[in-house]
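K.L.:
Take a look at this one; I'll ask things after.
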2 protein chains.
Amino acid sequence: MKIKYELIKNVGKARLGKLKTNYGTFDTPMFMPVGTLANVKTLTPEELYNMNSAVILSNTYHLWLRPGEDIVDKAGGLHKFMNYNGPILTDSGGFQVFSLAKKKDITEEGVYFKSHLDGKRLFLTPELSIQIQNKLDSDIAMSFDECIPYPATYEYAKQSTERTIRWAKRGKDVHSNLRQSLFGIVQGGEYEDLRKYSAEETVKLDFDGYAIGGTSVGEDKDTMYKMIDYAIKYLPLDKPRYLMGVGEPIDLLEGVERGIDMFDCVLPTRLARHGNAFTRKGRINLKNLKYKEDFTPIEDNCDCYTCKNYTKAYIRHLITCEEMLGGRLLSIHNIRFLIKEMEEIRESIKNDKFLEYKEEFIKQYKNND
Amino acid sequence: MKIKYELIKNVGKARLGKLKTNYGTFDTPMFMPVGTLANVKTLTPEELYNMNSAVILSNTYHLWLRPGEDIVDKAGGLHKFMNYNGPILTDSGGFQVFSLAKKKDITEEGVYFKSHLDGKRLFLTPELSIQIQNKLDSDIAMSFDECIPYPATYEYAKQSTERTIRWAKRGKDVHSNLRQSLFGIVQGGEYEDLRKYSAEETVKLDFDGYAIGGTSVGEDKDTMYKMIDYAIKYLPLDKPRYLMGVGEPIDLLEGVERGIDMFDCVLPTRLARHGNAFTRKGRINLKNLKYKEDFTPIEDNCDCYTCKNYTKAYIRHLITCEEMLGGRLLSIHNIRFLIKEMEEIRESIKNDKFLEYKEEFIKQYKNND
């Protein structure tokens with residue numbers, strides 16, 4: 001079945017809701033961990049369930065290249081292939097074409113670019129992206145879009161935004177997986193009228209949910225928040241809104257305040273691999289010499305497996321020695337950190353205390369010594 | 001307390017026994033996974049408990065360099081540092097001096113060599129090795145020895161073997177951790193009379209257990225088996241015997257037949273990182289193209305977490321993409337494979353069927369297609 005969104009309550013634009021999926025019903029707003037290559041790096045599905053993770057992301061572009069959508073299809077779809085019994089969202093490949101391909105050629109038909117693996121010439125179209133996602137059998141597929149670079153001229157952004165809408169329609173026309181939902185993506189760059197235009201035209205195509213794309217591509221925070229504000233007022237209240245690629249703890253709060261229900265980001269796992277941990281008092285780097293004899297957990301009050309069992313000194317030792325268990329333990333902590341933040345955000349909306357919660361969180365987070 | 005070994009039953013030289021430790025009583029013969037840098041690579045303690053792992057190994061040389069024995073001591077010992085609630089054996093550093101140090105200078109006092117990390121000049125003595133292990137607070141410490149290269153002249157082997165006995169005595173004299181057992185190591189190279197001499201002299205020093213060292217250093221299998229035969233008849237029946245660095249499935253059987261109770265090896269985790277898996281029909285490499293669409297587990301009858309949840313095609317995908325989860329899943333399978341083999345070996349000794357079990361195992365294992 002397609003997903004169903006139910007709005008439970010709102011405080012200002014901040015929304016408390018429920019997302020009914022093929023793999024259970026989950027509360028929103030939510031943070032979605034990223035499993036690029038059909039696994040959230042270093043972690044098992046059980047570890048994700050234990051963190052109270054709901055939807056996870058996987059990447060169409062990467063799975064298209066390896067192992068190929070036909071292998072995943074033959075395995076019985078992405079859930080069976082990777083043994084994940086929760087909802088999965090696949091992106092469309094549009095962002096990877098933007099971020100990985102050095103030489104690309106965007107035409108009305110689709111995008112020519114070079115594989116980041118072997119330089120092989122590839123051609124991805126709106127239809128092919130959807131057909132791949134149909135085969136991957138994720139629960140939520142994303143429309144193929146162009147992620148507009150920042151900054152971009154008005155002329156470029158306009159032309160690209162209009163094309164993305166034509167692409168969205170073409171993708172929707174070939175979408176044939178009845179148990180898979182399809183989201184549209186609002187582009188428009190930093191331009192208010194283009195965001196409005198993109199939102200309105202995308203909504204006319206009637207998707208199961210709407211994403212705001214083109215964020216986290218180098219723009220400053222205020223511009224990112226504006227991109228949300230420009231678009232979100234034109235999105236229907238009865239569909240989920242997803243802010244793509246955003247996962248900084250403070251940005252989650254800013255997004256929720258503006259009406260976002262879903263977030264994803266590689267940040268928690270990427271930071272982990274480099275020895276960084278989120279804490280309520282800001283990010284810390286475990287490689288720092290001051291943790292060498294620190295036999296306390298990353299955070300005293302954290303309920304994650306890592307904090308319940310390991311000290312900073314031990315994790316520092318693992319990271320210093322390039323032992324993979326270090327990145328694994330930090331990934332668990334960092335993902336749980338964002339999921340717990342979302343749990344608290346939902347609780348605060350329920351109790352009409354979202355703005356107080358947000359203010360207190362930011363105050364603590366920025367007081368990092 | 002010191003460990004206690006109880007011989008339950010023997011069939012020929014093969015022994016079924018119990019090892020009473022500070023962290024519970026475990027059946028022997030047993031295979032001990034290696035956790036060089038205070039972690040069995042990629043795995044948590046819980047994963048090891050779930051595989052029915054008992055003693056694990058950690059490396060004195062590596063922990064001396066990073067994080068340093070004082071840090072481990074301040075953490076409350078190795079168990080607390082790495083959060084492992086099972087018995088830990090630390091080797092003495094003798095093998096690493098042999099295998100890692102390119103330029104070394106062996107004197108009566110100890111060994112001068114260069115750090116494999118930064119080339120810094122280091123000096124390890126029998127006393128220092130024991131003092132480090134005392135601080136690490138493992139359950140079983142090993143005497144500092146010279147692992148004789150293979151081949152070695154009789155003259156070199158004799159001189160080295162005699163020195164290793166003097167080193168064993170010096171180490172024992174400074175050993176001061178009352179809850180830690182200390183094992184002696186029989187050397188002697190490939191020479192029957194030196195193995196006898198080494199065994200007899202080491203036993204005179206009265207250790208809590210005895211290892212046979214200098215194996216798995218390039219010698220052929222027959223030579224390795226002879227090294228065991230030459231020494232083991234001089235070892236007391238009421239103490240455990242440990243064959244160092246041996247972990248090939250068939251070698252475990254050959255070792256047990258000759259009276260060995262304990263084995264360790266990096267093989268299961270090292271093979272895992274390179275995409276290899278043990279199976280009853282021999283080793284397989286998951287990178288092989290033929291597994292690309294193989295949606296069956298590594299082994300149908302295996303009870304490990306990996307085989308119960310994942311297919312060869314998925315693990316192949318992870319290994320191909322260099323996703324760490326692949327090595328982790330294979331490590332679980334490979335360690336469980338050896339631990340399960342030991343469980344079956346014990347069962348076969350109990351039922352007076354060890355030789356039949358051994359023959360059948362080897363027949364299957366060598367029939368690899």
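Identifiers in the structure tokens: chain A, B, ... in order shown; residue index from 1 per chain; ligand index from 1 in order shown.
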Would you superpose chain B on chain A, least squares on all C-alpha atoms in order, and hand back the fitted chain as a CSV table (one decimal) with C-alpha atoms, in the first residue's frame?

P.N.:
chain,number,residue,atom,x,y,z
B,1,MET,CA,0.0,0.0,0.0
B,2,LYS,CA,0.9,3.6,-0.3
B,3,ILE,CA,2.0,5.5,2.8
B,4,LYS,CA,-0.6,7.6,4.6
B,5,TYR,CA,0.1,10.7,6.6
B,6,GLU,CA,-2.1,11.7,9.5
B,7,LEU,CA,-1.6,15.2,11.1
B,8,ILE,CA,-2.1,14.8,14.8
B,9,LYS,CA,-1.4,18.2,16.1
B,10,ASN,CA,0.4,21.4,15.1
B,11,VAL,CA,2.0,24.2,17.1
B,12,GLY,CA,2.5,27.0,14.7
B,13,LYS,CA,3.8,25.3,11.6
B,14,ALA,CA,5.5,22.5,13.6
B,15,ARG,CA,3.6,19.3,13.1
B,16,LEU,CA,3.1,16.1,15.1
B,17,GLY,CA,2.0,13.3,12.8
B,18,LYS,CA,1.8,9.6,12.0
B,19,LEU,CA,3.2,7.9,8.9
B,20,LYS,CA,1.5,4.6,8.1
B,21,THR,CA,3.7,2.4,6.0
B,22,ASN,CA,4.0,-1.1,4.7
B,23,TYR,CA,6.2,-1.8,7.7
B,24,GLY,CA,4.2,-0.2,10.5
B,25,THR,CA,3.2,3.2,11.7
B,26,PHE,CA,5.8,5.7,12.8
B,27,ASP,CA,5.6,9.1,14.5
B,28,THR,CA,6.8,12.2,12.7
B,29,PRO,CA,8.8,14.4,12.6
B,30,MET,CA,11.5,11.8,12.2
B,31,PHE,CA,15.1,11.5,11.3
B,32,MET,CA,16.0,8.8,8.7
B,33,PRO,CA,19.5,7.3,8.7
B,34,VAL,CA,21.2,6.8,5.4
B,35,GLY,CA,22.1,3.3,4.0
B,36,THR,CA,23.7,4.3,0.7
B,37,LEU,CA,24.7,0.9,-0.5
B,38,ALA,CA,21.9,-1.2,1.1
B,39,ASN,CA,23.4,-0.9,4.6
B,40,VAL,CA,23.7,1.8,7.1
B,41,LYS,CA,27.5,1.8,7.3
B,42,THR,CA,28.9,-0.8,9.8
B,43,LEU,CA,25.4,-1.5,11.3
B,44,THR,CA,22.9,-4.3,11.3
B,45,PRO,CA,19.1,-3.8,11.0
B,46,GLU,CA,18.7,-5.0,14.6
B,47,GLU,CA,21.0,-2.2,15.8
B,48,LEU,CA,18.8,0.3,13.9
B,49,TYR,CA,15.6,-1.1,15.4
B,50,ASN,CA,17.1,-0.8,18.8
B,51,MET,CA,17.8,2.9,18.2
B,52,ASN,CA,14.1,3.3,17.4
B,53,SER,CA,14.9,4.0,13.8
B,54,ALA,CA,11.9,4.0,11.4
B,55,VAL,CA,12.4,4.8,7.7
B,56,ILE,CA,16.0,4.4,6.4
B,57,LEU,CA,17.3,5.8,3.1
B,58,SER,CA,19.1,4.0,0.3
B,59,ASN,CA,20.5,5.3,-2.9
B,60,THR,CA,19.2,4.6,-6.4
B,61,TYR,CA,22.4,5.7,-8.2
B,62,HIS,CA,24.7,3.6,-6.0
B,63,LEU,CA,22.5,0.5,-6.2
B,64,TRP,CA,22.0,0.9,-9.9
B,65,LEU,CA,25.8,0.6,-10.3
B,66,ARG,CA,26.3,-2.0,-7.6
B,67,PRO,CA,24.9,-4.6,-7.4
B,68,GLY,CA,22.4,-3.5,-10.0
B,69,GLU,CA,18.6,-3.3,-9.6
B,70,ASP,CA,18.1,-6.7,-11.3
B,71,ILE,CA,20.0,-8.4,-8.5
B,72,VAL,CA,18.0,-6.6,-5.8
B,73,ASP,CA,14.8,-7.5,-7.7
B,74,LYS,CA,15.8,-11.2,-7.9
B,75,ALA,CA,16.6,-11.1,-4.2
B,76,GLY,CA,12.9,-10.2,-3.7
B,77,GLY,CA,13.5,-6.4,-3.3
B,78,LEU,CA,15.6,-4.2,-1.2
B,79,HIS,CA,14.0,-5.3,2.1
B,80,LYS,CA,14.8,-8.9,1.6
B,81,PHE,CA,18.2,-8.2,0.0
B,82,MET,CA,19.4,-6.3,3.0
B,83,ASN,CA,17.2,-7.9,5.6
B,84,TYR,CA,15.6,-4.7,6.8
B,85,ASN,CA,12.0,-5.0,8.1
B,86,GLY,CA,11.3,-1.4,8.2
B,87,PRO,CA,10.3,1.2,5.6
B,88,ILE,CA,12.9,2.2,3.1
B,89,LEU,CA,13.0,5.4,1.0
B,90,THR,CA,15.1,5.5,-2.1
B,91,ASP,CA,16.3,8.8,-3.5
B,92,SER,CA,16.2,9.3,-7.3
B,93,GLY,CA,19.9,9.6,-8.1
B,94,GLY,CA,19.5,13.3,-8.9
B,95,PHE,CA,21.6,14.3,-6.0
B,96,GLN,CA,24.4,11.9,-6.8
B,97,VAL,CA,24.5,13.1,-10.4
B,98,PHE,CA,25.0,16.5,-9.0
B,99,SER,CA,27.5,15.6,-6.3
B,100,LEU,CA,29.6,12.8,-7.7
B,101,ALA,CA,29.7,13.3,-11.5
B,102,LYS,CA,32.4,15.7,-12.4
B,103,LYS,CA,31.5,16.0,-16.0
B,104,LYS,CA,27.9,15.9,-16.8
B,105,ASP,CA,25.6,17.0,-19.6
B,106,ILE,CA,22.0,17.8,-18.7
B,107,THR,CA,19.5,17.5,-21.6
B,108,GLU,CA,15.8,17.6,-21.7
B,109,GLU,CA,15.8,13.8,-22.1
B,110,GLY,CA,18.0,13.1,-19.1
B,111,VAL,CA,21.6,13.4,-17.7
B,112,TYR,CA,24.8,12.0,-19.3
B,113,PHE,CA,27.6,11.6,-16.8
B,114,LYS,CA,30.5,9.5,-15.8
B,115,SER,CA,30.4,6.8,-13.2
B,116,HIS,CA,32.3,7.7,-10.1
B,117,LEU,CA,33.7,4.1,-10.1
B,118,ASP,CA,35.2,3.5,-13.5
B,119,GLY,CA,34.4,6.7,-15.5
B,120,LYS,CA,32.0,4.7,-17.7
B,121,ARG,CA,29.5,7.0,-19.6
B,122,LEU,CA,26.0,6.7,-18.0
B,123,PHE,CA,22.6,8.1,-19.0
B,124,LEU,CA,20.0,8.5,-16.3
B,125,THR,CA,16.5,9.7,-17.2
B,126,PRO,CA,13.4,10.4,-15.1
B,127,GLU,CA,11.8,7.2,-16.4
B,128,LEU,CA,14.8,5.0,-15.8
B,129,SER,CA,15.2,6.4,-12.2
B,130,ILE,CA,11.6,5.4,-11.4
B,131,GLN,CA,11.9,2.1,-13.2
B,132,ILE,CA,15.0,1.3,-11.1
B,133,GLN,CA,13.2,2.3,-7.9
B,134,ASN,CA,10.2,0.2,-8.9
B,135,LYS,CA,12.5,-2.8,-9.1
B,136,LEU,CA,14.3,-1.9,-5.8
B,137,ASP,CA,10.8,-2.0,-4.3
B,138,SER,CA,11.4,0.6,-1.7
B,139,ASP,CA,8.4,2.0,0.2
B,140,ILE,CA,8.9,5.5,-1.0
B,141,ALA,CA,10.5,6.5,-4.3
B,142,MET,CA,11.6,10.0,-5.2
B,143,SER,CA,11.1,11.8,-8.5
B,144,PHE,CA,14.2,12.4,-10.6
B,145,ASP,CA,15.2,16.0,-10.3
B,146,GLU,CA,18.1,18.3,-10.9
B,147,CYS,CA,19.7,19.5,-7.6
B,148,ILE,CA,20.5,23.1,-8.5
B,149,PRO,CA,23.9,24.2,-7.4
B,150,TYR,CA,24.3,27.2,-5.1
B,151,PRO,CA,24.7,29.9,-6.1
B,152,ALA,CA,22.9,29.7,-9.5
B,153,THR,CA,21.7,32.5,-11.7
B,154,TYR,CA,18.0,33.2,-11.8
B,155,GLU,CA,17.9,32.2,-15.4
B,156,TYR,CA,19.6,28.8,-14.8
B,157,ALA,CA,17.4,28.1,-11.7
B,158,LYS,CA,14.2,28.9,-13.7
B,159,GLN,CA,15.1,26.7,-16.6
B,160,SER,CA,16.2,23.9,-14.3
B,161,THR,CA,13.1,24.1,-12.1
B,162,GLU,CA,10.7,24.0,-15.0
B,163,ARG,CA,12.6,21.0,-16.4
B,164,THR,CA,12.4,19.2,-13.0
B,165,ILE,CA,8.6,19.6,-13.1
B,166,ARG,CA,8.5,18.1,-16.6
B,167,TRP,CA,10.7,15.2,-15.3
B,168,ALA,CA,8.5,14.7,-12.3
B,169,LYS,CA,5.5,14.2,-14.6
B,170,ARG,CA,7.4,11.8,-16.9
B,171,GLY,CA,8.5,9.8,-13.8
B,172,LYS,CA,5.0,9.7,-12.4
B,173,ASP,CA,3.7,8.5,-15.8
B,174,VAL,CA,5.9,5.3,-15.7
B,175,HIS,CA,5.7,4.6,-12.0
B,176,SER,CA,4.1,1.2,-11.8
B,177,ASN,CA,4.8,-0.3,-8.4
B,178,LEU,CA,1.5,-0.2,-6.6
B,179,ARG,CA,2.9,-0.7,-3.1
B,180,GLN,CA,5.4,2.0,-3.5
B,181,SER,CA,4.7,5.7,-2.8
B,182,LEU,CA,6.2,8.4,-5.0
B,183,PHE,CA,7.3,11.9,-3.7
B,184,GLY,CA,7.7,15.0,-5.8
B,185,ILE,CA,10.6,17.3,-5.1
B,186,VAL,CA,10.4,21.1,-4.9
B,187,GLN,CA,13.4,22.9,-6.4
B,188,GLY,CA,13.7,26.6,-7.3
B,189,GLY,CA,17.1,27.4,-5.8
B,190,GLU,CA,17.2,30.5,-3.6
B,191,TYR,CA,14.5,32.3,-5.5
B,192,GLU,CA,11.1,32.9,-3.8
B,193,ASP,CA,9.0,33.0,-6.9
B,194,LEU,CA,10.6,29.8,-8.3
B,195,ARG,CA,10.1,27.9,-5.0
B,196,LYS,CA,6.4,29.0,-5.1
B,197,TYR,CA,6.1,28.0,-8.8
B,198,SER,CA,7.9,24.7,-8.2
B,199,ALA,CA,5.8,23.8,-5.2
B,200,GLU,CA,2.5,24.7,-6.9
B,201,GLU,CA,3.3,22.8,-10.1
B,202,THR,CA,4.6,19.8,-8.2
B,203,VAL,CA,1.5,19.6,-6.0
B,204,LYS,CA,-0.7,19.8,-9.1
B,205,LEU,CA,0.9,16.5,-10.2
B,206,ASP,CA,-0.5,15.0,-7.0
B,207,PHE,CA,2.3,13.0,-5.2
B,208,ASP,CA,2.1,10.9,-2.0
B,209,GLY,CA,4.5,13.4,-0.3
B,210,TYR,CA,6.7,16.3,-1.1
B,211,ALA,CA,10.4,16.9,-0.6
B,212,ILE,CA,12.2,20.2,-0.5
B,213,GLY,CA,15.4,19.7,-2.4
B,214,GLY,CA,18.5,21.7,-3.3
B,215,THR,CA,19.4,22.4,0.4
B,216,SER,CA,22.7,21.5,2.0
B,217,VAL,CA,24.6,22.3,-1.2
B,218,GLY,CA,26.8,25.0,0.2
B,219,GLU,CA,24.3,27.7,1.0
B,220,ASP,CA,24.3,29.5,4.4
B,221,LYS,CA,21.8,28.5,7.0
B,222,ASP,CA,19.6,31.5,6.6
B,223,THR,CA,19.3,30.8,2.9
B,224,MET,CA,18.4,27.2,3.7
B,225,TYR,CA,15.7,28.2,6.1
B,226,LYS,CA,14.3,30.7,3.5
B,227,MET,CA,14.2,27.9,0.9
B,228,ILE,CA,11.9,26.0,3.3
B,229,ASP,CA,9.7,29.0,4.1
B,230,TYR,CA,9.3,30.0,0.4
B,231,ALA,CA,8.0,26.5,-0.5
B,232,ILE,CA,6.3,24.9,2.4
B,233,LYS,CA,3.2,27.1,2.5
B,234,TYR,CA,2.1,25.8,-0.8
B,235,LEU,CA,2.3,22.1,0.2
B,236,PRO,CA,-0.8,20.3,1.3
B,237,LEU,CA,-1.3,19.7,5.0
B,238,ASP,CA,-2.3,16.1,4.6
B,239,LYS,CA,0.9,14.9,2.9
B,240,PRO,CA,4.4,14.4,4.5
B,241,ARG,CA,7.1,17.0,3.9
B,242,TYR,CA,10.7,15.9,3.6
B,243,LEU,CA,13.8,18.1,3.8
B,244,MET,CA,16.5,16.3,1.9
B,245,GLY,CA,20.1,15.9,3.2
B,246,VAL,CA,19.6,17.9,6.4
B,247,GLY,CA,20.8,16.5,9.7
B,248,GLU,CA,22.6,19.0,11.8
B,249,PRO,CA,20.9,18.9,15.3
B,250,ILE,CA,20.0,22.6,15.1
B,251,ASP,CA,18.8,22.4,11.5
B,252,LEU,CA,16.4,19.6,12.6
B,253,LEU,CA,14.8,22.0,15.0
B,254,GLU,CA,14.6,24.8,12.4
B,255,GLY,CA,13.1,22.4,9.9
B,256,VAL,CA,10.5,21.2,12.3
B,257,GLU,CA,9.6,24.7,13.3
B,258,ARG,CA,8.9,25.4,9.6
B,259,GLY,CA,6.7,22.4,9.1
B,260,ILE,CA,9.1,19.6,8.0
B,261,ASP,CA,8.2,15.9,8.9
B,262,MET,CA,11.1,14.0,7.6
B,263,PHE,CA,14.9,14.5,7.5
B,264,ASP,CA,17.8,12.4,6.2
B,265,CYS,CA,21.6,12.9,6.4
B,266,VAL,CA,24.8,11.0,6.2
B,267,LEU,CA,26.3,13.2,8.9
B,268,PRO,CA,25.9,10.9,11.9
B,269,THR,CA,27.8,8.0,10.2
B,270,ARG,CA,30.3,10.2,8.4
B,271,LEU,CA,31.2,12.1,11.5
B,272,ALA,CA,31.5,8.7,13.3
B,273,ARG,CA,34.1,7.4,10.9
B,274,HIS,CA,36.2,10.5,11.6
B,275,GLY,CA,36.0,10.1,15.3
B,276,ASN,CA,33.3,12.8,16.0
B,277,ALA,CA,30.3,12.5,18.3
B,278,PHE,CA,27.3,14.6,18.8
B,279,THR,CA,26.6,15.7,22.4
B,280,ARG,CA,24.1,18.1,23.8
B,281,LYS,CA,26.9,20.5,24.3
B,282,GLY,CA,28.0,20.4,20.7
B,283,ARG,CA,30.2,18.1,18.7
B,284,ILE,CA,33.3,16.6,20.1
B,285,ASN,CA,36.2,14.8,18.5
B,286,LEU,CA,37.3,11.7,20.3
B,287,LYS,CA,40.8,11.9,18.8
B,288,ASN,CA,41.4,14.8,21.1
B,289,LEU,CA,44.2,14.1,23.6
B,290,LYS,CA,42.0,15.2,26.5
B,291,TYR,CA,39.9,12.0,26.2
B,292,LYS,CA,42.9,9.7,26.6
B,293,GLU,CA,42.1,9.0,30.2
B,294,ASP,CA,38.5,9.9,30.2
B,295,PHE,CA,36.7,6.8,31.5
B,296,THR,CA,33.2,8.3,31.2
B,297,PRO,CA,30.7,7.7,28.4
B,298,ILE,CA,30.3,10.2,25.6
B,299,GLU,CA,27.2,11.4,27.4
B,300,ASP,CA,26.2,10.4,30.9
B,301,ASN,CA,22.5,10.5,30.2
B,302,CYS,CA,22.5,8.9,26.8
B,303,ASP,CA,20.5,5.7,26.5
B,304,CYS,CA,22.5,4.3,23.5
B,305,TYR,CA,24.3,1.0,23.5
B,306,THR,CA,27.7,2.8,23.2
B,307,CYS,CA,27.2,5.1,26.1
B,308,LYS,CA,25.8,2.3,28.3
B,309,ASN,CA,28.9,0.2,27.7
B,310,TYR,CA,32.0,2.1,26.6
B,311,THR,CA,34.1,5.0,27.7
B,312,LYS,CA,35.6,7.9,25.7
B,313,ALA,CA,39.1,6.6,26.4
B,314,TYR,CA,38.2,3.2,24.9
B,315,ILE,CA,36.5,4.7,21.8
B,316,ARG,CA,39.4,7.1,21.4
B,317,HIS,CA,41.8,4.1,21.5
B,318,LEU,CA,39.8,2.3,18.8
B,319,ILE,CA,39.6,5.4,16.5
B,320,THR,CA,43.3,6.1,17.0
B,321,CYS,CA,44.1,2.5,16.0
B,322,GLU,CA,41.7,2.6,13.1
B,323,GLU,CA,39.7,-0.2,14.5
B,324,MET,CA,36.4,-0.4,12.8
B,325,LEU,CA,34.5,-1.0,16.0
B,326,GLY,CA,35.2,2.6,16.9
B,327,GLY,CA,33.3,4.0,13.9
B,328,ARG,CA,30.6,1.5,14.6
B,329,LEU,CA,30.2,2.5,18.2
B,330,LEU,CA,30.2,6.2,17.2
B,331,SER,CA,27.6,5.6,14.5
B,332,ILE,CA,25.3,4.0,17.0
B,333,HIS,CA,25.7,7.0,19.3
B,334,ASN,CA,25.3,9.6,16.6
B,335,ILE,CA,22.2,8.1,15.0
B,336,ARG,CA,20.6,7.5,18.3
B,337,PHE,CA,21.4,11.1,19.2
B,338,LEU,CA,19.4,12.5,16.3
B,339,ILE,CA,16.5,10.0,16.7
B,340,LYS,CA,16.3,10.8,20.4
B,341,GLU,CA,16.3,14.5,19.6
B,342,MET,CA,13.3,13.9,17.3
B,343,GLU,CA,11.6,11.9,20.1
B,344,GLU,CA,12.0,14.9,22.4
B,345,ILE,CA,10.8,17.3,19.7
B,346,ARG,CA,7.6,15.3,19.3
B,347,GLU,CA,7.1,15.2,23.0
B,348,SER,CA,7.6,18.9,23.2
B,349,ILE,CA,5.0,19.5,20.4
B,350,LYS,CA,2.6,17.3,22.2
B,351,ASN,CA,3.0,19.3,25.4
B,352,ASP,CA,2.9,22.7,23.6
B,353,LYS,CA,6.5,23.3,24.6
B,354,PHE,CA,8.3,23.1,21.2
B,355,LEU,CA,9.7,26.6,21.2
B,356,GLU,CA,11.0,26.3,24.7
B,357,TYR,CA,12.5,23.0,23.9
B,358,LYS,CA,14.2,24.4,20.8
B,359,GLU,CA,15.6,27.4,22.6
B,360,GLU,CA,17.0,25.3,25.5
B,361,PHE,CA,18.5,22.8,23.1
B,362,ILE,CA,20.2,25.4,21.0
B,363,LYS,CA,21.5,27.3,24.1
B,364,GLN,CA,23.1,24.1,25.4
B,365,TYR,CA,24.4,23.0,22.1
B,366,LYS,CA,26.1,26.3,21.4
B,367,ASN,CA,27.7,26.4,24.8
B,368,ASN,CA,30.2,23.8,23.8
B,369,ASP,CA,33.4,24.5,25.6

K.L.:
From region 150-260 of chain A, collect each residue whose DSSP state is helix (DSSP H, G or I) and return the set as a PyMOL selection string.

P.N.:
chain A and resi 154-174+192-204+221-232+249-257

K.L.:
Taking the DSSP assignment computed from this structure's backbone, write out as a list in words all residues of region 117-333 of chain A that belong to strand (DSSP E).

P.N.:
Arg121, Leu122, Phe123, Leu124, Ile140, Ala141, Met142, Ser181, Leu182, Phe183, Gly184, Ile185, Val186, Gly209, Tyr210, Ala211, Ile212, Arg241, Tyr242, Leu243, Met262, Phe263, Asp264, Cys265, Asn276, Ala277, Ile284 and Asn285 of chain A
